[in-house]
Structure formats: C-alpha cells, structure tokens
Amino acid sequence: MFTVLTLLPLLATFTPTVFAAQGATCNVTNPCSSDYPCCSEYGFCGDGYYCLGGCDPFSSQSLTSCRPRPVCQSANYTLSDTSRILTNYTYFDGNASEYDWVVQQGSIMNTTSNGEAAIALILTENGGGTLLSSTRYVHYGQVTARLKTGRWAGVVTAFITMSDIKDEIDWEFPGNATTEGQTNFFWQGFIPQTTNGAIETGLTDTYANWHDYTIDWQPDTMTFLVDGNVTRTVKASDCINSTTGVSQYPSTPSRIQLSLWPAGIPTEPAGTVQWAGGMINWNDPDYTSAGHFYALFESVSVQCNDPTPPNSSVTSYVYGANTTLDTPSITFSNASTMVNGASSFSGVNGMHGVLAAGVLAVILLTHLF
C-alpha cells in the first residue's frame, strides 16, 4: 500500500550560498582550465558545486581543484527524516555535517508503506527520474539499503556506490522483473568485453515487500547480500588484468547513490531498453492514477572500514600527490570540504594506496548489464 503524505519540491526555498558557472566539456586528455577548474561527474568544467561530489580529479585542472571528499562516518539514516536531505543540489556548499543527502535530479515524497515510513523517488514522463546522493564518501565498508523497487517495464530502481573516477558497485532492479535483482561492478568506468554482472534470483516480490540489500565492500572482497543472506562474492585477486597486472577492482572513495531512472525511452540505446524490459508504458494504470512511477527507500546504514582508521582530526579524503592514472593513491586530510573552505590540503594519519586506472568514461547513472 503506497500512500503519499507530503511532496518535497525539487527547488528548496533557501537563499543561494553556492554559485556555479559552466565552461567547456572535459576528460582526462582535455582537462579543465583555470577559469572553470573542476570537471563534474557529467564531464563539464565549472566552479562552485562542480567542485563537490563527483568532481573528477583527473579531468579537472589539477588534483587539488576538486574539494576534499567528506570522510566516511558509520551511521543509520532514516530517510523519512527529510530535514537532512537537501532537495536542490545546486545549493549544497560541501558541508556534510549539515546534510546527509542531496537530490541531484528529480524529486522525492514522504510516504508510508506496510506501516514503515519512507521516501519515494519519483519518475515522470516530462521530469525524468530521481537521483539521491550521499554527501559523505565510503572507502570500504558495509552499506545496506532497505527498499521496495518499481514494477514497470523500462523503469530501473538502483542502489549503488560511485567514486569520482567511476569505480562503481551496483544493486539494480530493471523493469518488471520483481523476483530478481542484478549485481555488477565497474572499475574506472571501464566496460569489459565480458560483463561483471550477475542475476540474483529467487527474491520474493521486490515491489510488494521490503528487503535489505547490502554491498559489503572490503579491500580484498566485495559481497552482495539480501536480507543478510550472501548471494554473491567477488575476490579482488580475481580482478587482475592478465596483460597489465593492474587490479580492475573498485578501490576509490565513493558516494552512495539511490535512483529511479527511465531506461525504456527512445533516447536510450536499444540494448538498454531491452535490458530494462522494454519501453515505458506511460498509460499504465499505476502511472495515470498517481501521476508518476516510484520506488520506496526506508533507510540506509553505513559501517565504515577504512584500511587505516582515521584519527579525530581527519575531515576528508584527497587524491595523493603521487597519484597517476595507473596507481592513484588516497590519503586522509584535515582540510575543509566546503566550496569556500581553506584550499590547503595537508595529509594526516598516513596514506593508504589504492589501485585504479584506465579509461575514464562519463557514466551517468548505470551501465548496460
């Protein structure tokens, strides 16, 4: 039973604190200029909030153009408490102590389903889907999302982790397949010839029933679970490229992202439409009665497991000075994460290296399974 209580508008009634300007497109071979130094997750140069979550350090003017990434904090987030969800990302100034989540696209609603308070991520024909991103990053740990998926062909529900250089770990639920989920991972946006994806079957109705989906991401393994039961384990040692010797295993600090997105639309590739179960039927009775499609998210829990535990002065992660495309490194920092914060990045509490590299592609929300 889905009951809408309150609509939270996309545009919040705040006085703007962060202004941004956009310049040219950017990538690793064509980085941003000093005028617009930060390369956004969508591949555009800018300043202001372009320098926050998703800012690509390799495609920006320099490694220090992007603001330091707020360090992981173990927490249980009850999403129906929307006081810590900023509904207009462009007003975010990088203060992760003020907001836990930002709506980067679309809109959310408060709701109650089976007696549990939650939020609904909304998808409409004219407005598109919704993307909710955490303000803090995770650099290894266990993340669990309690959710109910959609049930409509062409509509994809997703719970993923995504780093600024496109390391990605996915739970995805395409179309009307409500007795299965799909797990996948990507390294640096590289799409392998043989997919890393797997179909997890035997789930009880993912639309009607609440389930807890877990990504247990550790330096040597990533494990996927449903309601505490392991469905799949991937070893980092099995992800080493036999030609280059580089481990193609997600290893850089990542934001948590919850989304509902339209894959079954004319502008998507035919393969994506097929994967999602076909074209969206905008005349579906569920859509015409409610005026939108939706997926429900009740909570997210995070248990951090940084390779080296941070001390009390640590505020953020930064890419180390010795970072290269093949061997970027991550270090702790006590620098401000805010757009108007101090720009001096000083490393503290040691450094823990991470392997990553390769092709840096602009991946918006997901990849073809």
# chains A, B, ... in the order shown; residues from 1 in each chain; ligands from 1

call {"tool": "residues_around", "arguments": {"residues": "Asp56 (chain A)", "least_positions_apart": "2", "cutoff": "7 Å", "atoms": "only C-alpha atoms", "output": "PyMOL selection string"}}
result
chain A and resi 39-41+54+58-60+164-165

call {"tool": "closest_atom_pairs", "arguments": {"of": "region 199-295 of chain A", "to": "region 176-193 of chain A", "cutoff": "7 Å", "atoms": "only C-alpha atoms", "output": "tab-separated table"}}
result
residue	atom	partner	partner_atom	distance
A:Ile199	CA	A:Gln182	CA	4.5
A:Glu200	CA	A:Gly181	CA	5.1
A:Thr201	CA	A:Glu180	CA	4.4
A:Gly202	CA	A:Thr179	CA	5.9
A:Leu203	CA	A:Thr179	CA	4.6
A:Thr204	CA	A:Thr179	CA	5.5
A:Asp205	CA	A:Thr178	CA	5.2
A:Thr206	CA	A:Thr178	CA	5.0
A:Tyr207	CA	A:Thr178	CA	6.3
A:Gln248	CA	A:Trp187	CA	5.5
A:Tyr249	CA	A:Trp187	CA	5.7
A:Pro250	CA	A:Trp187	CA	5.3
A:Gly277	CA	A:Asn176	CA	6.7

call {"tool": "write_last_selection", "arguments": {"atoms": "C-alpha atoms", "output": "CSV table (one decimal), in the first residue's frame"}}
result
chain,number,residue,atom,x,y,z
A,199,ILE,CA,21.4,-12.0,-11.9
A,200,GLU,CA,20.3,-12.8,-8.3
A,201,THR,CA,17.2,-14.9,-8.5
A,202,GLY,CA,14.6,-16.2,-6.0
A,203,LEU,CA,13.7,-12.9,-4.4
A,204,THR,CA,10.2,-12.5,-3.1
A,205,ASP,CA,8.2,-9.7,-4.8
A,206,THR,CA,10.6,-6.8,-4.6
A,207,TYR,CA,7.8,-4.3,-5.3
A,248,GLN,CA,40.4,-3.8,-12.0
A,249,TYR,CA,38.6,-3.8,-8.7
A,250,PRO,CA,36.7,-0.7,-7.3
A,277,GLY,CA,12.2,-4.9,-20.1

call {"tool": "residues_around", "arguments": {"residues": "region 252-263 of chain A", "least_positions_apart": "2", "cutoff": "7 Å", "atoms": "only C-alpha atoms", "output": "PDB file with N, CA and C atoms, in the first residue's frame"}}
result
ATOM      1  N   LEU A 121      11.158   7.880  -4.444  1.00  0.00           N
ATOM      2  CA  LEU A 121      11.844   8.540  -5.546  1.00  0.00           C
ATOM      3  C   LEU A 121      10.901   8.514  -6.743  1.00  0.00           C
ATOM      4  N   ILE A 122      10.745   9.641  -7.392  1.00  0.00           N
ATOM      5  CA  ILE A 122       9.691   9.839  -8.377  1.00  0.00           C
ATOM      6  C   ILE A 122      10.262   9.842  -9.795  1.00  0.00           C
ATOM      7  N   LEU A 123       9.475   9.270 -10.736  1.00  0.00           N
ATOM      8  CA  LEU A 123       9.813   9.313 -12.160  1.00  0.00           C
ATOM      9  C   LEU A 123       8.575   9.729 -12.929  1.00  0.00           C
ATOM     10  N   GLY A 128      11.535  13.171 -15.889  1.00  0.00           N
ATOM     11  CA  GLY A 128      12.582  12.167 -15.793  1.00  0.00           C
ATOM     12  C   GLY A 128      12.620  11.518 -14.421  1.00  0.00           C
ATOM     13  N   GLY A 129      13.755  10.927 -14.089  1.00  0.00           N
ATOM     14  CA  GLY A 129      13.902  10.180 -12.851  1.00  0.00           C
ATOM     15  C   GLY A 129      14.477  11.006 -11.727  1.00  0.00           C
ATOM     16  N   THR A 130      14.848  10.306 -10.639  1.00  0.00           N
ATOM     17  CA  THR A 130      15.378  10.959  -9.443  1.00  0.00           C
ATOM     18  C   THR A 130      16.680  10.288  -9.021  1.00  0.00           C
ATOM     19  N   LEU A 131      17.644  11.112  -8.624  1.00  0.00           N
ATOM     20  CA  LEU A 131      18.938  10.640  -8.130  1.00  0.00           C
ATOM     21  C   LEU A 131      19.220  11.299  -6.790  1.00  0.00           C
ATOM     22  N   LEU A 132      19.423  10.474  -5.772  1.00  0.00           N
ATOM     23  CA  LEU A 132      19.744  10.928  -4.418  1.00  0.00           C
ATOM     24  C   LEU A 132      21.144  10.447  -4.076  1.00  0.00           C
ATOM     25  N   SER A 133      22.038  11.361  -3.679  1.00  0.00           N
ATOM     26  CA  SER A 133      23.431  11.017  -3.402  1.00  0.00           C
ATOM     27  C   SER A 133      23.805  11.377  -1.979  1.00  0.00           C
ATOM     28  N   SER A 134      24.633  10.544  -1.368  1.00  0.00           N
ATOM     29  CA  SER A 134      25.137  10.855  -0.031  1.00  0.00           C
ATOM     30  C   SER A 134      26.149  11.986  -0.115  1.00  0.00           C
ATOM     31  N   ARG A 136      28.591  12.211   2.176  1.00  0.00           N
ATOM     32  CA  ARG A 136      29.836  11.592   2.638  1.00  0.00           C
ATOM     33  C   ARG A 136      30.231  10.432   1.727  1.00  0.00           C
ATOM     34  N   TYR A 137      31.501  10.120   1.775  1.00  0.00           N
ATOM     35  CA  TYR A 137      32.058   9.038   0.968  1.00  0.00           C
ATOM     36  C   TYR A 137      32.319   7.813   1.843  1.00  0.00           C
ATOM     37  N   VAL A 138      32.404   6.681   1.190  1.00  0.00           N
ATOM     38  CA  VAL A 138      32.778   5.422   1.830  1.00  0.00           C
ATOM     39  C   VAL A 138      34.039   4.924   1.140  1.00  0.00           C
ATOM     40  N   HIS A 139      35.046   4.567   1.941  1.00  0.00           N
ATOM     41  CA  HIS A 139      36.235   3.938   1.368  1.00  0.00           C
ATOM     42  C   HIS A 139      36.396   2.573   2.022  1.00  0.00           C
ATOM     43  N   GLY A 154      10.873  -0.917 -18.352  1.00  0.00           N
ATOM     44  CA  GLY A 154      11.608   0.283 -18.717  1.00  0.00           C
ATOM     45  C   GLY A 154      12.008   1.184 -17.578  1.00  0.00           C
ATOM     46  N   VAL A 155      11.545   0.871 -16.354  1.00  0.00           N
ATOM     47  CA  VAL A 155      11.843   1.693 -15.167  1.00  0.00           C
ATOM     48  C   VAL A 155      12.827   0.928 -14.284  1.00  0.00           C
ATOM     49  N   VAL A 156      13.958   1.552 -13.941  1.00  0.00           N
ATOM     50  CA  VAL A 156      15.031   0.877 -13.207  1.00  0.00           C
ATOM     51  C   VAL A 156      15.211   1.497 -11.829  1.00  0.00           C
ATOM     52  N   THR A 157      15.178   0.653 -10.808  1.00  0.00           N
ATOM     53  CA  THR A 157      15.498   1.056  -9.440  1.00  0.00           C
ATOM     54  C   THR A 157      16.951   0.679  -9.173  1.00  0.00           C
ATOM     55  N   ALA A 158      17.717   1.559  -8.515  1.00  0.00           N
ATOM     56  CA  ALA A 158      19.134   1.281  -8.311  1.00  0.00           C
ATOM     57  C   ALA A 158      19.621   1.768  -6.956  1.00  0.00           C
ATOM     58  N   PHE A 159      20.537   0.991  -6.379  1.00  0.00           N
ATOM     59  CA  PHE A 159      21.274   1.326  -5.159  1.00  0.00           C
ATOM     60  C   PHE A 159      22.725   0.998  -5.468  1.00  0.00           C
ATOM     61  N   ILE A 160      23.580   2.032  -5.536  1.00  0.00           N
ATOM     62  CA  ILE A 160      24.950   1.835  -5.988  1.00  0.00           C
ATOM     63  C   ILE A 160      25.923   2.648  -5.135  1.00  0.00           C
ATOM     64  N   THR A 161      27.203   2.346  -5.301  1.00  0.00           N
ATOM     65  CA  THR A 161      28.269   3.239  -4.855  1.00  0.00           C
ATOM     66  C   THR A 161      29.028   3.703  -6.098  1.00  0.00           C
ATOM     67  N   MET A 162      29.412   4.983  -6.102  1.00  0.00           N
ATOM     68  CA  MET A 162      30.078   5.566  -7.275  1.00  0.00           C
ATOM     69  C   MET A 162      31.189   6.505  -6.823  1.00  0.00           C
ATOM     70  N   SER A 163      32.403   6.274  -7.331  1.00  0.00           N
ATOM     71  CA  SER A 163      33.521   7.144  -6.974  1.00  0.00           C
ATOM     72  C   SER A 163      33.673   8.252  -8.003  1.00  0.00           C
ATOM     73  N   ASP A 164      34.508   9.228  -7.682  1.00  0.00           N
ATOM     74  CA  ASP A 164      34.713  10.376  -8.569  1.00  0.00           C
ATOM     75  C   ASP A 164      35.457   9.997  -9.837  1.00  0.00           C
ATOM     76  N   ASP A 167      34.718   4.312 -10.231  1.00  0.00           N
ATOM     77  CA  ASP A 167      34.604   2.991  -9.620  1.00  0.00           C
ATOM     78  C   ASP A 167      33.157   2.854  -9.163  1.00  0.00           C
ATOM     79  N   PRO A 250      37.063  -2.061  -7.835  1.00  0.00           N
ATOM     80  CA  PRO A 250      36.748  -0.743  -7.263  1.00  0.00           C
ATOM     81  C   PRO A 250      37.533  -0.485  -5.980  1.00  0.00           C
ATOM     82  N   ILE A 265      13.116   4.463 -22.862  1.00  0.00           N
ATOM     83  CA  ILE A 265      12.703   5.672 -23.572  1.00  0.00           C
ATOM     84  C   ILE A 265      13.455   5.729 -24.908  1.00  0.00           C
ATOM     85  N   GLU A 268      17.403   6.156 -25.291  1.00  0.00           N
ATOM     86  CA  GLU A 268      18.335   5.148 -24.797  1.00  0.00           C
ATOM     87  C   GLU A 268      18.663   4.143 -25.899  1.00  0.00           C
ATOM     88  N   THR A 272      19.892  -1.149 -24.010  1.00  0.00           N
ATOM     89  CA  THR A 272      19.482  -0.703 -22.685  1.00  0.00           C
ATOM     90  C   THR A 272      17.981  -0.872 -22.497  1.00  0.00           C
ATOM     91  N   VAL A 273      17.221  -0.524 -23.529  1.00  0.00           N
ATOM     92  CA  VAL A 273      15.762  -0.675 -23.462  1.00  0.00           C
ATOM     93  C   VAL A 273      15.390  -2.141 -23.264  1.00  0.00           C
ATOM     94  N   ALA A 276      16.087  -3.370 -19.767  1.00  0.00           N
ATOM     95  CA  ALA A 276      15.159  -2.834 -18.781  1.00  0.00           C
ATOM     96  C   ALA A 276      13.734  -3.362 -18.948  1.00  0.00           C
ATOM     97  N   ALA A 295       9.830   4.373  -6.549  1.00  0.00           N
ATOM     98  CA  ALA A 295      10.479   3.322  -5.763  1.00  0.00           C
ATOM     99  C   ALA A 295      10.605   3.856  -4.347  1.00  0.00           C
ATOM    100  N   VAL A 354      45.715   2.964  -3.309  1.00  0.00           N
ATOM    101  CA  VAL A 354      44.671   2.205  -3.988  1.00  0.00           C
ATOM    102  C   VAL A 354      45.026   2.115  -5.464  1.00  0.00           C
TER     103      VAL A 354
END

call {"tool": "closest_residue", "arguments": {"among": "A:Gln142, A:Gly115, A:Gly291, A:Ala321", "to": "Gly228 (chain A)", "atoms": "only C-alpha atoms"}}
result
A:Gln142

call {"tool": "closest_residue", "arguments": {"among": "A:Gly141, A:Gly264, A:Gly320, A:Pro328", "to": "Thr64 (chain A)", "atoms": "only C-alpha atoms"}}
result
A:Gly320

call {"tool": "residues_around", "arguments": {"residues": "Leu225 (chain A)", "least_positions_apart": "5", "cutoff": "6 Å", "atoms": "only C-alpha atoms", "output": "JSON, numbers by chain"}}
result
{"A": [213, 214, 230, 231]}

call {"tool": "write_last_selection", "arguments": {"atoms": "all heavy atoms", "output": "compact mmCIF listing (two decimals), in the first residue's frame"}}
result
# COMPACT_ATOMS: atom_id res chain seq x y z
N TYR A 213 19.13 -4.79 1.06
CA TYR A 213 20.17 -5.12 0.08
C TYR A 213 21.49 -4.54 0.56
O TYR A 213 21.57 -3.36 0.90
CB TYR A 213 19.79 -4.55 -1.30
CG TYR A 213 18.48 -5.08 -1.81
CD1 TYR A 213 17.30 -4.36 -1.61
CD2 TYR A 213 18.41 -6.30 -2.47
CE1 TYR A 213 16.08 -4.85 -2.07
CE2 TYR A 213 17.18 -6.80 -2.94
CZ TYR A 213 16.03 -6.06 -2.74
OH TYR A 213 14.82 -6.55 -3.18
N THR A 214 22.52 -5.36 0.57
CA THR A 214 23.80 -4.97 1.14
C THR A 214 24.92 -5.08 0.12
O THR A 214 24.99 -6.04 -0.65
CB THR A 214 24.15 -5.85 2.36
OG1 THR A 214 23.15 -5.66 3.37
CG2 THR A 214 25.51 -5.48 2.94
N VAL A 230 24.06 -14.08 1.89
CA VAL A 230 25.01 -13.84 0.81
C VAL A 230 24.48 -14.41 -0.50
O VAL A 230 24.06 -15.57 -0.57
CB VAL A 230 26.38 -14.46 1.14
CG1 VAL A 230 27.33 -14.33 -0.05
CG2 VAL A 230 26.99 -13.79 2.37
N THR A 231 24.50 -13.59 -1.54
CA THR A 231 24.11 -14.05 -2.87
C THR A 231 25.29 -14.14 -3.83
O THR A 231 25.26 -14.88 -4.81
CB THR A 231 23.05 -13.12 -3.49
OG1 THR A 231 23.60 -11.81 -3.66
CG2 THR A 231 21.81 -13.03 -2.59

call {"tool": "closest_residue", "arguments": {"among": "A:Asp35, A:Asp81, A:Asp212, A:Asp93", "to": "Lys148 (chain A)", "atoms": "only C-alpha atoms"}}
result
A:Asp212

call {"tool": "atom_distance", "arguments": {"atom1": "CA of Val103 (chain A)", "atom2": "CA of Asn88 (chain A)"}}
result
5.8 Å

call {"tool": "atom_distance", "arguments": {"atom1": "CA of Cys66 (chain A)", "atom2": "CA of Thr82 (chain A)"}}
result
27.3 Å

call {"tool": "select_by_dssp", "arguments": {"residues": "region 54-284 of chain A", "states": "strand (DSSP E or B)", "output": "count of residues only"}}
result
106

call {"tool": "atom_distance", "arguments": {"atom1": "CA of Leu86 (chain A)", "atom2": "CA of Thr135 (chain A)"}}
result
9.9 Å

call {"tool": "residues_around", "arguments": {"residues": "region 305-317 of chain A", "least_positions_apart": "4", "cutoff": "9 Å", "atoms": "only C-alpha atoms", "output": "PyMOL selection string"}}
result
chain A and resi 68-72+74+136-142+217-219+253+330-337+347-352

call {"tool": "write_last_selection", "arguments": {"atoms": "N, CA and C atoms", "output": "CSV table (one decimal), in the first residue's frame"}}
result
chain,number,residue,atom,x,y,z
A,68,PRO,N,38.1,18.5,-1.1
A,68,PRO,CA,38.3,17.2,-0.4
A,68,PRO,C,37.0,16.5,-0.2
A,69,ARG,N,37.0,15.2,-0.2
A,69,ARG,CA,35.7,14.4,-0.1
A,69,ARG,C,35.4,14.1,1.4
A,70,PRO,N,34.2,14.4,1.9
A,70,PRO,CA,33.9,14.2,3.3
A,70,PRO,C,34.2,12.7,3.7
A,71,VAL,N,34.9,12.5,4.8
A,71,VAL,CA,35.3,11.2,5.2
A,71,VAL,C,34.1,10.4,5.7
A,72,CYS,N,34.2,9.1,5.6
A,72,CYS,CA,33.1,8.2,6.0
A,72,CYS,C,32.8,8.3,7.5
A,74,SER,N,30.3,6.0,10.2
A,74,SER,CA,29.3,5.0,10.4
A,74,SER,C,28.0,5.6,10.9
A,136,ARG,N,28.6,12.2,2.2
A,136,ARG,CA,29.8,11.6,2.6
A,136,ARG,C,30.2,10.4,1.7
A,137,TYR,N,31.5,10.1,1.8
A,137,TYR,CA,32.1,9.0,1.0
A,137,TYR,C,32.3,7.8,1.8
A,138,VAL,N,32.4,6.7,1.2
A,138,VAL,CA,32.8,5.4,1.8
A,138,VAL,C,34.0,4.9,1.1
A,139,HIS,N,35.0,4.6,1.9
A,139,HIS,CA,36.2,3.9,1.4
A,139,HIS,C,36.4,2.6,2.0
A,140,TYR,N,35.6,1.6,1.5
A,140,TYR,CA,35.4,0.3,2.0
A,140,TYR,C,34.5,0.3,3.3
A,141,GLY,N,33.7,-0.7,3.3
A,141,GLY,CA,32.8,-0.8,4.4
A,141,GLY,C,31.5,-1.6,4.0
A,142,GLN,N,30.5,-1.6,4.8
A,142,GLN,CA,29.3,-2.3,4.5
A,142,GLN,C,28.1,-1.3,4.4
A,217,TRP,N,31.8,-4.1,0.9
A,217,TRP,CA,32.9,-3.8,0.1
A,217,TRP,C,34.2,-3.7,0.9
A,218,GLN,N,35.1,-4.6,0.8
A,218,GLN,CA,36.3,-4.7,1.5
A,218,GLN,C,37.5,-4.7,0.6
A,219,PRO,N,38.7,-4.4,1.1
A,219,PRO,CA,39.9,-4.3,0.1
A,219,PRO,C,40.1,-5.6,-0.7
A,253,PRO,N,37.4,6.1,-2.9
A,253,PRO,CA,36.2,6.6,-2.1
A,253,PRO,C,35.0,6.9,-2.9
A,330,ILE,N,45.1,7.4,-2.2
A,330,ILE,CA,44.1,8.1,-1.4
A,330,ILE,C,44.8,8.4,0.0
A,331,THR,N,44.7,9.6,0.4
A,331,THR,CA,45.2,10.0,1.7
A,331,THR,C,44.1,10.7,2.5
A,332,PHE,N,44.2,10.6,3.8
A,332,PHE,CA,43.3,11.4,4.7
A,332,PHE,C,43.8,12.9,4.7
A,333,SER,N,42.9,13.8,5.0
A,333,SER,CA,43.2,15.2,5.0
A,333,SER,C,42.4,15.8,6.2
A,334,ASN,N,42.9,17.0,6.7
A,334,ASN,CA,42.1,17.7,7.7
A,334,ASN,C,41.6,19.1,7.1
A,335,ALA,N,41.6,19.1,5.7
A,335,ALA,CA,41.2,20.3,5.0
A,335,ALA,C,39.7,20.4,5.0
A,336,SER,N,39.1,21.6,4.8
A,336,SER,CA,37.7,21.8,4.7
A,336,SER,C,37.2,21.1,3.4
A,337,THR,N,36.0,20.6,3.5
A,337,THR,CA,35.3,20.0,2.3
A,337,THR,C,34.4,21.1,1.6
A,347,GLY,N,48.0,16.3,4.4
A,347,GLY,CA,47.7,14.9,4.7
A,347,GLY,C,47.9,14.6,6.1
A,348,VAL,N,47.1,13.7,6.7
A,348,VAL,CA,47.3,13.3,8.1
A,348,VAL,C,47.0,11.8,8.2
A,349,ASN,N,47.6,11.3,9.3
A,349,ASN,CA,47.3,9.9,9.7
A,349,ASN,C,47.7,8.9,8.6
A,350,GLY,N,48.8,9.2,7.9
A,350,GLY,CA,49.3,8.3,6.9
A,350,GLY,C,48.6,8.3,5.6
A,351,MET,N,49.0,7.3,4.8
A,351,MET,CA,48.4,7.2,3.4
A,351,MET,C,48.2,5.8,3.1
A,352,HIS,N,47.0,5.5,2.5
A,352,HIS,CA,46.8,4.1,2.1
A,352,HIS,C,46.6,4.1,0.6

call {"tool": "select_by_dssp", "arguments": {"residues": "region 28-245 of chain A", "states": "helix (DSSP H, G or I)", "output": "list in words"}}
result
Gly48, Tyr49, Tyr50, Cys51, Thr82, Ser83, Arg84, Tyr89, Thr90, Tyr91, Ala236, Ser237, Asp238 and Cys239 of chain A

call {"tool": "closest_residue", "arguments": {"among": "A:Gly23, A:Gly197, A:Gly271, A:Pro285", "to": "Val234 (chain A)", "atoms": "only C-alpha atoms"}}
result
A:Gly197

call {"tool": "closest_residue", "arguments": {"among": "A:Trp210, A:Trp282, A:Trp275, A:Tyr294", "to": "Ala117 (chain A)", "atoms": "only C-alpha atoms"}}
result
A:Trp210
